[in-house]
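Chemist: Got a structure for you, query11.cif, holding mmCIF, C-alpha atoms.
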```cif
data_start
loop_
_atom_site.label_atom_id
_atom_site.label_comp_id
_atom_site.auth_asym_id
_atom_site.auth_seq_id
_atom_site.Cartn_x
_atom_site.Cartn_y
_atom_site.Cartn_z
CA MET A 1 0.00 0.00 0.00
CA GLU A 2 2.87 2.36 0.94
CA PRO A 3 4.58 2.58 -2.48
CA ALA A 4 1.25 2.88 -4.21
CA ALA A 5 0.21 5.76 -1.99
CA ALA A 6 3.54 7.55 -2.45
CA LEU A 7 3.44 7.18 -6.21
CA ALA A 8 -0.12 8.35 -6.45
CA ALA A 9 0.66 11.36 -4.26
CA LYS A 10 3.56 12.31 -6.54
CA THR A 11 1.43 12.20 -9.64
CA GLY A 12 -1.46 14.48 -8.95
CA ALA A 13 -3.11 13.60 -12.24
CA HIS A 14 -3.56 10.05 -11.02
CA MET A 15 -5.27 10.83 -7.75
CA ALA A 16 -8.64 10.02 -9.28
CA ALA A 17 -7.38 6.60 -10.29
CA LEU A 18 -6.09 5.93 -6.79
CA CYS A 19 -9.34 6.99 -5.12
CA LEU A 20 -11.37 4.87 -7.49
CA ALA A 21 -9.17 1.84 -6.99
CA VAL A 22 -9.47 2.22 -3.21
CA ALA A 23 -13.22 2.62 -3.48
CA GLN A 24 -13.51 -0.41 -5.70
CA SER A 25 -11.11 -2.55 -3.67
CA ALA A 26 -14.04 -4.30 -1.99
CA CYS A 27 -15.26 -5.78 -5.25
CA TYR A 28 -11.96 -6.76 -6.87
CA THR A 29 -9.74 -9.65 -6.09
CA GLY A 30 -5.95 -9.39 -5.93
CA PRO A 31 -3.60 -7.18 -3.91
CA LEU A 32 -4.78 -3.60 -3.82
CA HIS A 33 -1.36 -1.99 -4.44
CA MET A 34 -0.91 -4.08 -7.58
CA ARG A 35 -4.27 -2.96 -8.89
CA VAL A 36 -3.49 0.69 -8.13
CA LEU A 37 -0.09 0.49 -9.89
CA ASP A 38 -1.65 -1.34 -12.83
CA GLN A 39 -4.29 1.31 -13.14
CA ILE A 40 -1.79 4.16 -12.92
CA SER A 41 0.52 2.70 -15.56
CA GLU A 42 -2.52 1.94 -17.71
CA GLN A 43 -3.57 5.58 -17.49
CA GLU A 44 -0.10 6.60 -18.65
CA VAL A 45 -0.33 4.25 -21.63
CA ILE A 46 -3.78 5.60 -22.54
CA GLU A 47 -2.57 9.18 -22.32
CA ALA A 48 0.41 8.34 -24.56
CA ILE A 49 -1.92 6.75 -27.14
CA LEU A 50 -4.18 9.78 -27.08
CA ARG A 51 -1.13 11.99 -27.65
CA GLY A 52 -0.54 10.05 -30.87
CA ASN A 53 1.67 7.13 -29.85
CA VAL A 54 -0.52 4.45 -31.48
CA GLU A 55 1.98 1.62 -31.02
CA ARG A 56 1.57 1.70 -27.26
CA TYR A 57 -1.92 0.28 -27.71
CA ALA A 58 -0.17 -3.08 -28.16
CA GLU A 59 0.63 -3.00 -24.42
CA LEU A 60 -3.06 -2.89 -23.55
CA VAL A 61 -3.86 -5.64 -26.06
CA GLU A 62 -1.13 -7.87 -24.60
CA ARG A 63 -2.31 -7.24 -21.08
CA HIS A 64 -6.01 -7.94 -21.60
CA GLN A 65 -6.27 -10.30 -24.54
CA ASN A 66 -6.34 -13.58 -22.59
CA ARG A 67 -9.27 -12.59 -20.45
CA ALA A 68 -11.06 -10.93 -23.37
CA VAL A 69 -10.73 -14.02 -25.56
CA ARG A 70 -11.80 -16.36 -22.74
CA LEU A 71 -14.82 -14.17 -22.04
CA ALA A 72 -15.85 -14.18 -25.70
CA PHE A 73 -15.14 -17.90 -25.95
CA SER A 74 -17.32 -18.71 -22.94
CA LEU A 75 -20.14 -16.61 -24.41
CA LEU A 76 -19.90 -17.78 -28.02
CA GLY A 77 -18.72 -21.36 -27.62
CA ASN A 78 -15.96 -21.48 -30.21
CA TYR A 79 -12.55 -19.97 -30.52
CA GLU A 80 -12.71 -18.63 -34.09
CA ASP A 81 -15.71 -16.44 -33.32
CA ALA A 82 -14.25 -15.50 -29.93
CA ARG A 83 -11.01 -14.33 -31.55
CA ASP A 84 -12.81 -12.24 -34.19
CA VAL A 85 -15.25 -10.69 -31.75
CA SER A 86 -12.61 -9.87 -29.13
CA GLN A 87 -10.35 -8.32 -31.78
CA GLU A 88 -13.25 -6.24 -32.96
CA ALA A 89 -13.79 -5.16 -29.35
CA PHE A 90 -10.15 -4.07 -29.08
CA VAL A 91 -10.44 -2.02 -32.29
CA SER A 92 -13.69 -0.41 -31.05
CA ALA A 93 -12.08 0.34 -27.69
CA TYR A 94 -9.19 2.04 -29.49
CA VAL A 95 -11.51 4.15 -31.64
CA SER A 96 -13.54 5.26 -28.62
CA LEU A 97 -10.57 5.68 -26.31
CA ARG A 98 -11.33 9.37 -25.81
CA ASN A 99 -14.70 8.43 -24.33
CA PHE A 100 -13.04 6.25 -21.73
CA HIS A 101 -13.43 7.80 -18.29
CA ARG A 102 -10.00 8.36 -16.78
CA GLY A 103 -9.87 6.92 -13.31
CA SER A 104 -12.04 3.90 -14.04
CA ALA A 105 -10.65 0.48 -14.91
CA PHE A 106 -9.85 -0.05 -18.58
CA SER A 107 -10.50 -3.79 -18.19
CA THR A 108 -14.12 -3.33 -17.05
CA TRP A 109 -14.75 -0.97 -19.95
CA LEU A 110 -13.15 -3.38 -22.42
CA TYR A 111 -15.12 -6.40 -21.11
CA ARG A 112 -18.29 -4.39 -21.49
CA ILE A 113 -17.40 -3.79 -25.13
CA VAL A 114 -16.64 -7.52 -25.58
CA VAL A 115 -20.05 -8.43 -24.11
CA ASN A 116 -21.77 -5.93 -26.42
CA LYS A 117 -19.89 -7.28 -29.43
CA CYS A 118 -21.01 -10.80 -28.49
CA LYS A 119 -24.61 -9.56 -28.34
CA ASP A 120 -24.18 -8.03 -31.81
CA PHE A 121 -22.83 -11.36 -32.97
CA TRP A 122 -25.88 -13.23 -31.62
CA ARG A 123 -28.15 -10.68 -33.27
CA LYS A 124 -26.47 -11.10 -36.65
CA ARG A 125 -26.57 -14.88 -36.26
CA SER A 126 -30.29 -14.80 -35.46
CA HIS A 127 -30.89 -13.04 -38.81
CA GLN A 128 -29.31 -15.89 -40.78
CA PRO A 129 -30.12 -18.90 -38.59
CA ALA A 130 -29.88 -21.68 -41.20
CA ILE A 131 -26.33 -21.02 -42.40
CA THR A 132 -24.81 -19.96 -39.10
CA ALA A 133 -26.44 -22.70 -37.02
CA MET A 134 -24.88 -25.32 -39.24
CA ALA A 135 -21.48 -23.65 -39.19
CA THR A 136 -21.58 -23.21 -35.42
CA GLU A 137 -22.66 -26.79 -34.87
CA VAL A 138 -19.79 -28.07 -36.98
CA ARG A 139 -17.30 -25.85 -35.15
CA ASN A 140 -18.69 -26.74 -31.73
CA ASP A 141 -18.51 -30.44 -32.53
CA GLU A 142 -14.90 -29.99 -33.60
CA GLU A 143 -14.00 -28.06 -30.48
CA GLY A 144 -16.06 -30.02 -27.99
CA PRO A 145 -17.39 -28.65 -24.73
CA LEU A 146 -16.43 -25.42 -23.00
CA PHE A 147 -14.93 -27.27 -20.06
CA THR A 148 -11.83 -29.37 -19.54
CA ASP A 149 -12.42 -32.96 -18.47
CA ALA A 150 -11.49 -33.72 -14.88
CA ASP A 151 -8.30 -35.72 -14.81
CA ASP A 152 -9.24 -38.29 -12.18
CA PRO A 153 -6.99 -41.40 -12.37
CA ALA A 154 -9.34 -43.30 -10.05
CA SER A 155 -12.27 -43.15 -12.42
CA ASN A 156 -12.80 -45.89 -15.03
CA PRO A 157 -13.18 -45.21 -18.79
CA SER A 158 -17.00 -45.47 -18.74
CA GLU A 159 -17.15 -43.00 -15.86
CA ARG A 160 -14.88 -40.63 -17.77
CA ALA A 161 -17.07 -40.96 -20.87
CA LEU A 162 -20.13 -40.10 -18.80
CA GLN A 163 -18.37 -37.08 -17.33
CA HIS A 164 -17.41 -35.94 -20.83
CA GLU A 165 -21.02 -36.30 -21.93
CA LEU A 166 -22.17 -34.27 -18.94
CA SER A 167 -19.60 -31.64 -19.84
CA VAL A 168 -21.02 -31.45 -23.39
CA GLU A 169 -24.58 -31.24 -22.01
CA MET A 170 -23.57 -28.50 -19.58
CA SER A 171 -21.97 -26.48 -22.42
CA ARG A 172 -25.10 -26.87 -24.57
CA ALA A 173 -27.40 -25.92 -21.68
CA ILE A 174 -25.34 -22.80 -20.99
CA GLN A 175 -25.27 -21.80 -24.67
CA ALA A 176 -29.06 -22.27 -24.84
CA LEU A 177 -29.74 -19.85 -21.97
CA PRO A 178 -31.42 -16.52 -22.81
CA PRO A 179 -28.72 -13.91 -23.63
CA ARG A 180 -28.84 -11.88 -20.41
CA GLN A 181 -29.00 -14.96 -18.17
CA LYS A 182 -26.14 -16.50 -20.11
CA THR A 183 -24.02 -13.35 -19.85
CA ALA A 184 -24.53 -13.01 -16.09
CA PHE A 185 -23.94 -16.72 -15.47
CA VAL A 186 -20.84 -16.91 -17.68
CA LEU A 187 -19.26 -13.75 -16.26
CA HIS A 188 -19.83 -14.83 -12.67
CA HIS A 189 -19.39 -18.61 -12.70
CA LEU A 190 -17.00 -19.18 -15.60
CA ASN A 191 -14.91 -16.01 -15.61
CA GLY A 192 -14.79 -15.34 -11.89
CA PHE A 193 -16.28 -11.83 -12.01
CA SER A 194 -17.70 -10.62 -8.69
CA LEU A 195 -21.39 -9.71 -8.68
CA ASN A 196 -20.43 -6.02 -8.64
CA GLU A 197 -18.16 -6.48 -11.64
CA VAL A 198 -20.91 -8.34 -13.49
CA SER A 199 -23.32 -5.51 -12.76
CA GLU A 200 -20.78 -2.94 -13.99
CA THR A 201 -19.95 -4.94 -17.12
CA MET A 202 -23.58 -5.59 -18.01
CA GLY A 203 -24.62 -2.07 -17.06
CA CYS A 204 -27.47 -3.18 -14.81
CA ARG A 205 -28.27 -3.20 -11.10
CA LEU A 206 -26.91 -5.73 -8.65
CA GLY A 207 -30.40 -7.09 -7.93
CA THR A 208 -31.00 -7.67 -11.62
CA VAL A 209 -27.71 -9.56 -11.91
CA LYS A 210 -28.67 -11.79 -8.97
CA ALA A 211 -32.06 -12.46 -10.55
CA HIS A 212 -30.45 -13.39 -13.90
CA ILE A 213 -28.01 -15.77 -12.20
CA PHE A 214 -30.79 -17.35 -10.13
CA ARG A 215 -32.94 -17.95 -13.23
CA ALA A 216 -29.94 -19.29 -15.16
CA ASN A 217 -29.28 -21.78 -12.32
CA GLU A 218 -32.94 -22.86 -12.37
CA ASN A 219 -32.88 -23.34 -16.15
CA LEU A 220 -29.70 -25.39 -15.95
CA ARG A 221 -31.16 -27.50 -13.13
CA LEU A 222 -34.19 -28.33 -15.30
CA LYS A 223 -32.13 -29.09 -18.40
CA LEU A 224 -29.65 -31.26 -16.54
CA ALA A 225 -32.31 -33.02 -14.45
CA PRO A 226 -31.56 -36.59 -15.69
CA TRP A 227 -27.86 -36.12 -14.96
CA LEU A 228 -28.53 -34.60 -11.59
CA THR A 229 -30.66 -37.59 -10.50
CA ARG A 230 -27.80 -39.88 -11.39
CA GLU A 231 -25.36 -37.70 -9.43
CA GLY A 232 -27.72 -37.70 -6.43
CA VAL A 233 -28.40 -33.95 -6.59
CA THR A 234 -31.74 -32.71 -5.22
CA MET B 235 -26.32 -32.26 -2.11
CA ASN B 236 -28.24 -29.32 -3.54
CA PHE B 237 -27.79 -28.02 -7.08
CA GLN B 238 -25.91 -24.85 -6.14
CA SER B 239 -23.16 -26.64 -4.24
CA TRP B 240 -22.98 -29.39 -6.87
CA LEU B 241 -22.57 -26.76 -9.61
CA SER B 242 -19.81 -24.95 -7.70
CA SER B 243 -17.97 -28.20 -7.09
CA TRP B 244 -18.42 -29.36 -10.70
CA LEU B 245 -17.15 -26.05 -12.11
CA ALA B 246 -14.15 -26.17 -9.77
CA HIS B 247 -13.23 -29.62 -11.14
CA HIS B 248 -14.01 -28.71 -14.77
CA PRO B 249 -12.50 -25.28 -15.43
CA LEU B 250 -13.18 -23.36 -18.61
CA LYS B 251 -11.14 -24.71 -21.48
CA ASP B 252 -8.27 -22.53 -22.72
CA PRO B 253 -8.96 -21.61 -26.33
CA THR B 254 -6.90 -23.96 -28.46
CA GLY B 255 -4.24 -22.53 -30.75
CA HIS B 256 -4.27 -19.08 -29.20
CA ASP B 257 -1.05 -17.27 -30.03
CA PRO B 258 -0.85 -14.04 -28.00
CA GLU B 259 1.82 -12.44 -30.16
CA GLN B 260 -0.03 -13.13 -33.39
CA TYR B 261 -3.26 -11.92 -31.82
CA THR B 262 -1.65 -8.60 -30.80
CA GLN B 263 -0.18 -8.16 -34.27
CA GLN B 264 -3.54 -8.81 -35.88
CA VAL B 265 -5.26 -6.22 -33.69
CA MET B 266 -2.54 -3.64 -34.32
CA GLN B 267 -2.69 -4.35 -38.03
CA ARG B 268 -6.44 -3.77 -38.05
CA VAL B 269 -5.91 -0.51 -36.21
CA ARG B 270 -3.18 0.64 -38.62
CA ASP B 271 -4.93 -0.61 -41.80
CA ALA B 272 -8.03 1.28 -41.07
CA ASN B 273 -5.84 4.31 -40.39
CA LEU B 274 -7.92 4.83 -37.32
CA SER B 275 -7.31 7.42 -34.72
CA PRO B 276 -9.31 7.96 -31.58
CA LYS B 277 -12.35 10.01 -32.58
CA PRO B 278 -12.13 13.68 -31.64
CA TRP B 279 -14.70 14.87 -29.18
CA THR B 280 -17.80 16.35 -30.67
CA ALA B 281 -19.73 19.26 -29.23
CA TRP B 282 -22.46 17.08 -27.74
CA GLN B 283 -19.85 14.91 -26.03
CA GLU B 284 -18.35 18.05 -24.50
CA PHE B 285 -21.82 18.96 -23.31
CA LEU B 286 -22.49 15.52 -21.87
CA SER B 287 -19.10 15.40 -20.17
CA PHE B 288 -20.22 18.44 -18.17
CA PHE B 289 -22.73 16.20 -16.42
CA SER B 290 -20.02 13.82 -15.33
CA ILE B 291 -18.99 16.41 -12.74
CA PRO B 292 -19.68 14.90 -9.30
CA ARG B 293 -23.29 15.25 -8.25
CA ALA B 294 -22.21 17.07 -5.09
CA THR B 295 -21.18 20.04 -7.27
CA PHE B 296 -24.67 20.20 -8.74
CA ALA B 297 -26.23 19.87 -5.31
CA LEU B 298 -24.07 22.72 -3.95
CA ALA B 299 -24.83 24.88 -6.98
CA GLY B 300 -28.55 24.18 -6.47
CA VAL B 301 -28.41 25.15 -2.79
CA GLY B 302 -26.50 28.32 -3.72
CA LEU B 303 -29.09 29.23 -6.33
CA VAL B 304 -31.96 28.74 -3.88
CA ALA B 305 -30.14 30.90 -1.31
CA VAL B 306 -29.66 33.69 -3.89
CA ILE B 307 -33.35 33.50 -4.90
CA LEU B 308 -34.47 33.68 -1.27
CA PHE B 309 -32.14 36.61 -0.60
CA LEU B 310 -33.33 38.52 -3.69
CA ASN B 311 -36.96 37.80 -2.83
CA HIS B 312 -36.42 39.16 0.67
CA ALA B 313 -34.67 42.25 -0.67
CA ILE B 314 -37.52 42.91 -3.12
CA ASN B 315 -40.07 42.56 -0.34
CA ASP B 316 -38.11 45.03 1.79
CA THR B 317 -38.02 47.53 -1.08
CA ARG B 318 -41.75 47.11 -1.70
CA LEU B 319 -42.39 47.61 2.00
CA ALA B 320 -40.30 50.79 2.06
CA ASN B 321 -42.06 52.10 -1.09
CA MET B 322 -45.49 51.46 0.39
CA GLU B 323 -44.53 53.14 3.65
CA THR B 324 -43.29 56.19 1.73
CA THR B 325 -46.52 56.33 -0.27
CA VAL B 326 -48.63 56.13 2.86
CA ASP B 327 -46.52 58.84 4.50
CA LEU B 328 -46.93 61.05 1.42
CA ILE B 329 -50.66 60.55 1.40
CA ALA B 330 -50.78 61.37 5.06
CA ALA B 331 -48.65 64.50 4.50
CA MET B 332 -51.03 65.61 1.75
CA GLY B 333 -53.85 65.22 4.22
CA GLU B 334 -55.68 62.69 2.13
CA THR B 335 -56.99 59.26 2.92
CA LEU B 336 -57.06 56.22 0.73
CA GLU B 337 -60.79 56.57 0.32
CA SER B 338 -60.29 60.00 -1.26
CA ILE B 339 -58.06 58.54 -3.98
CA ASN B 340 -60.44 57.31 -6.61
CA GLY B 341 -60.19 54.92 -9.47
CA GLU B 342 -57.64 52.22 -10.21
CA GLU B 343 -54.84 53.93 -8.35
CA GLY B 344 -56.85 53.82 -5.17
CA GLU B 345 -57.64 50.16 -5.59
CA ILE B 346 -54.01 49.31 -6.25
CA LEU B 347 -52.92 51.25 -3.22
CA ALA B 348 -55.57 49.56 -1.10
CA GLN B 349 -54.38 46.17 -2.29
CA ASP B 350 -50.78 47.10 -1.63
CA LEU B 351 -51.64 48.24 1.84
CA GLU B 352 -53.46 45.02 2.53
CA ALA B 353 -50.38 43.12 1.34
CA LEU B 354 -48.26 45.38 3.52
CA ASP B 355 -50.40 44.53 6.53
CA THR B 356 -50.04 40.83 5.80
CA LEU B 357 -46.29 41.19 5.41
CA VAL B 358 -45.93 43.25 8.55
CA LEU B 359 -48.00 40.75 10.50
CA ALA B 360 -46.11 37.80 9.05
CA GLU B 361 -42.74 39.29 9.84
CA ALA B 362 -43.73 40.79 13.14
CA THR B 363 -41.69 39.83 16.18
CA GLU B 364 -43.07 39.81 19.70
CA THR B 365 -41.94 43.41 20.28
CA ASP B 366 -43.60 44.50 17.03
CA GLU B 367 -46.78 42.87 18.11
CA GLN B 368 -46.69 44.70 21.45
CA TRP B 369 -46.03 47.95 19.62
CA LEU B 370 -48.92 47.24 17.28
CA GLN B 371 -51.27 46.50 20.17
CA GLU B 372 -50.14 49.69 21.91
CA THR B 373 -50.64 51.77 18.76
CA LEU B 374 -54.08 50.31 18.16
CA ARG B 375 -55.04 51.06 21.75
CA LEU B 376 -53.79 54.68 21.36
CA LEU B 377 -55.64 55.08 18.07
CA GLN B 378 -58.79 53.82 19.70
CA LEU B 379 -58.34 56.39 22.47
CA LEU B 380 -57.79 59.13 19.88
CA ASP B 381 -60.94 58.12 18.00
CA GLU B 382 -62.91 58.35 21.19
CA ASP B 383 -61.46 61.81 21.93
CA ALA B 384 -62.21 62.93 18.42
CA GLY B 385 -65.78 61.73 18.79
CA SER B 386 -66.28 63.45 22.14
CA SER B 387 -64.85 66.79 20.96
CA GLU B 388 -66.95 66.86 17.81
CA ALA B 389 -69.20 69.53 19.22
CA GLU B 390 -66.29 71.90 19.86
CA ASN B 391 -65.05 71.61 16.29
CA PRO B 392 -66.31 74.07 13.71
CA SER B 393 -68.95 72.68 11.37
CA GLU B 394 -68.39 72.22 7.62
CA GLY B 395 -70.49 75.24 6.83
CA ASP B 396 -68.37 77.45 9.11
CA LEU B 397 -65.21 76.20 7.41
CA ILE B 398 -66.59 77.03 3.94
CA ASP B 399 -67.54 80.51 5.14
CA ASP B 400 -64.03 81.05 6.49
CA LEU B 401 -62.48 79.90 3.24
CA GLN B 402 -64.71 82.24 1.24
CA ILE B 403 -63.69 85.14 3.44
CA LEU B 404 -60.03 84.24 2.95
CA ASP B 405 -60.51 84.05 -0.83
CA GLU B 406 -62.18 87.40 -0.94
CA LYS B 407 -59.34 88.93 1.10
CA GLU B 408 -56.78 87.45 -1.24
CA ILE B 409 -58.64 88.73 -4.32
CA ALA B 410 -58.88 92.20 -2.78
CA ALA B 411 -55.20 92.22 -1.92
CA SER B 412 -54.17 91.14 -5.41
CA SER B 413 -56.30 93.77 -7.10
#
```
Show me the file's structure as structure tokens.
Modeler:
Amino acid sequence: MEPAAALAAKTGAHMAALCLAVAQSACYTGPLHMRVLDQISEQEVIEAILRGNVERYAELVERHQNRAVRLAFSLLGNYEDARDVSQEAFVSAYVSLRNFHRGSAFSTWLYRIVVNKCKDFWRKRSHQPAITAMATEVRNDEEGPLFTDADDPASNPSERALQHELSVEMSRAIQALPPRQKTAFVLHHLNGFSLNEVSETMGCRLGTVKAHIFRANENLRLKLAPWLTREGVT
Amino acid sequence: MNFQSWLSSWLAHHPLKDPTGHDPEQYTQQVMQRVRDANLSPKPWTAWQEFLSFFSIPRATFALAGVGLVAVILFLNHAINDTRLANMETTVDLIAAMGETLESINGEEGEILAQDLEALDTLVLAEATETDEQWLQETLRLLQLLDEDAGSSEAENPSEGDLIDDLQILDEKEIAASS
């Protein structure tokens, strides 16, 4: 905390970033001083880009691409689409960089853009269902489920096959959720966003996020009912 | 086991798959290429964005500005009332000095003055402190006494006819002197 405070005090322009990071510390994981330093250096990079140093945008892309791609992948179900959509989100973020509120987290803003780009993608896909459904199905079959199979040496091959099947069913059930339920569920359960972060990323109230996640859980419980009986889940 | 805890445990054992074939360096290059190819630069701010950004000032600033505005309005309102009060008092004093009463002023002017005086009374009563009220009671009591005296000494006063006669005599004297 000490070095972070000293650095922030030296750079008056970054006081807003420090205050915001402290205020948001309750809803973010990870050491606070790391987050504050990250945010301050990120602000410097953004200011350099806005002054015309375009190449420094690569630093932001490097820093956030893994999470952005994973987020898009968990929402869309296949890597090709996830890569395209997340790249589009990075380009859009660059174009609108002047609208980015200094002092807030670039990551939250970027993830919001990724989520919106995924929504646009779903919308486009819903306009041409026949072609895209086939293509997506082929790609999803090639790529398999969203989840890695548990590597349990004690389990026998038939048990592992059943677990793989459950994993496929779970992925399908998640992909079939209504868009807002899916977004809230995926952000919270699969990407480890706190409820506050989900609410910020989706641009809705905390209560709404909780309701979406609750309904998503209920939908999954109904869709996975045969599996749950076998697993002894009530 | 209930569904919620089963789901948490299942997700902990089956983490999200890492996208296969993801090459971070290539990915960054592709993004940067798209940025350069399109010859994009961050959009300059437009006038409406400037306008909207004004509202991103902390709400406390707006609240303080609002309170300040209300205070100024109240102060001005009070000052205007004071001026109106002073004007009405001056008018009443002037009328009194001219020896006229409100009833003798006819037409619209009289009505306006009467209304103003009524408003003045309301204002005076509304703003009256305890001392003012005592003073008012005292004055009313004195006025009442004066009215009574005036009534009792009516017989000693010269009648209207006598006054007209006196005035005529004065006029005649003046005319004689001027000729």
Chemist: I need the output of the PyMOL selection byres ((chain A) within 7 of (chain B)) for this file as a PyMOL selection string; which residues are they?
Modeler: chain A and resi 58+61-62+70+79+87+91+94-98+146-150+190+221+233-234
Chemist: Between atom CA of B:Thr356 and atom CA of B:Leu310, what distance in Å does the model show, to one decimal?
Modeler: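 So the two atoms, atom CA of B:Thr356 and atom CA of B:Leu310, lie 19.4 Å apart.
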Chemist: Could you tell me which residues the PyMOL selection byres ((chain A and resi 216) around 12) grabs in this file, written as a PyMOL selection string?
Modeler: (chain A and resi 173-186+188-189+209-215+217-223) or (chain B and resi 238+241)
Chemist: Which distance in Å separates atom CA of A:Glu88 and atom CA of A:Ser107, to one decimal?
Modeler: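 According to the coordinates, atom CA of A:Glu88 and atom CA of A:Ser107 are separated by 15.2 Å.
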Chemist: Please report the interatomic distance between atom CA of B:Arg375 and atom CA of B:Asn321 in Å with one decimal.
Modeler: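 Atom CA of B:Asn321 lies at a distance of 26.3 Å from atom CA of B:Arg375.
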Chemist: Between A:Ala161, A:Ala72, A:Leu166, A:Leu206, which one has atoms that come closest to A:Lys119, using only C-alpha atoms?
Modeler: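 Of A:Ala161, A:Ala72, A:Leu166, A:Leu206, the one nearest A:Lys119 is A:Ala72, counting only C-alpha atoms.
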Chemist: For each of A:Ala82, A:His64, A:Gly77, A:Pro145, take the minimum atom-to-atom distance to A:Ala105, counting only C-alpha atoms, then give the residue where this is smallest.
Modeler: A:His64
Chemist: For each of B:Ala411, B:Met322, B:Ala330, B:Leu379, take the minimum atom-to-atom distance to B:Ile346, counting all atoms listed in the file, then give the residue where this is smallest.
Modeler: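 The closest residue to B:Ile346 is B:Met322.
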Chemist: Suppose a student applies the PyMOL selection byres ((chain A and resi 71) around 8) to this structure; what residues should they get, written as a PyMOL selection string?
Modeler: chain A and resi 67-70+72-75+111+114+186-187+191
Chemist: Please, could you write that set of residues out with C-alpha atoms as a PDB file, in the coordinates of the input?
Modeler:
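Dumped everything to part-v3.pdb:
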```
ATOM      1  CA  ARG A  67      -9.270 -12.590 -20.450  1.00  0.00           C
ATOM      2  CA  ALA A  68     -11.060 -10.930 -23.370  1.00  0.00           C
ATOM      3  CA  VAL A  69     -10.730 -14.020 -25.560  1.00  0.00           C
ATOM      4  CA  ARG A  70     -11.800 -16.360 -22.740  1.00  0.00           C
ATOM      5  CA  ALA A  72     -15.850 -14.180 -25.700  1.00  0.00           C
ATOM      6  CA  PHE A  73     -15.140 -17.900 -25.950  1.00  0.00           C
ATOM      7  CA  SER A  74     -17.320 -18.710 -22.940  1.00  0.00           C
ATOM      8  CA  LEU A  75     -20.140 -16.610 -24.410  1.00  0.00           C
ATOM      9  CA  TYR A 111     -15.120  -6.400 -21.110  1.00  0.00           C
ATOM     10  CA  VAL A 114     -16.640  -7.520 -25.580  1.00  0.00           C
ATOM     11  CA  VAL A 186     -20.840 -16.910 -17.680  1.00  0.00           C
ATOM     12  CA  LEU A 187     -19.260 -13.750 -16.260  1.00  0.00           C
ATOM     13  CA  ASN A 191     -14.910 -16.010 -15.610  1.00  0.00           C
TER      14      ASN A 191
END
```
Chemist: Show me, as JSON, the centre and edge lengths in Å to one decimal of the axis-aligned box that covers every listed atom of stretch 302-309 of chain B with 5 Å on each side.
Modeler:
```
{"center_x": -30.5, "center_y": 32.5, "center_z": -3.5, "size_x": 18.0, "size_y": 18.3, "size_z": 15.7}
```
Chemist: Looking at only C-alpha atoms, which of A:Thr108, A:Arg51, A:Ile46, A:Gly232 is the one that sits closest to A:Ser194?
Modeler: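 Among A:Thr108, A:Arg51, A:Ile46, A:Gly232, it is A:Thr108 that comes nearest to A:Ser194.
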Chemist: Measuring between all atoms listed in the file, which one of A:Phe193, A:Ala225, A:Ser126, A:Gly203 shows the shortest distance to A:Met170?
Modeler: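 Ranked by minimum distance to A:Met170, first place goes to A:Ala225.
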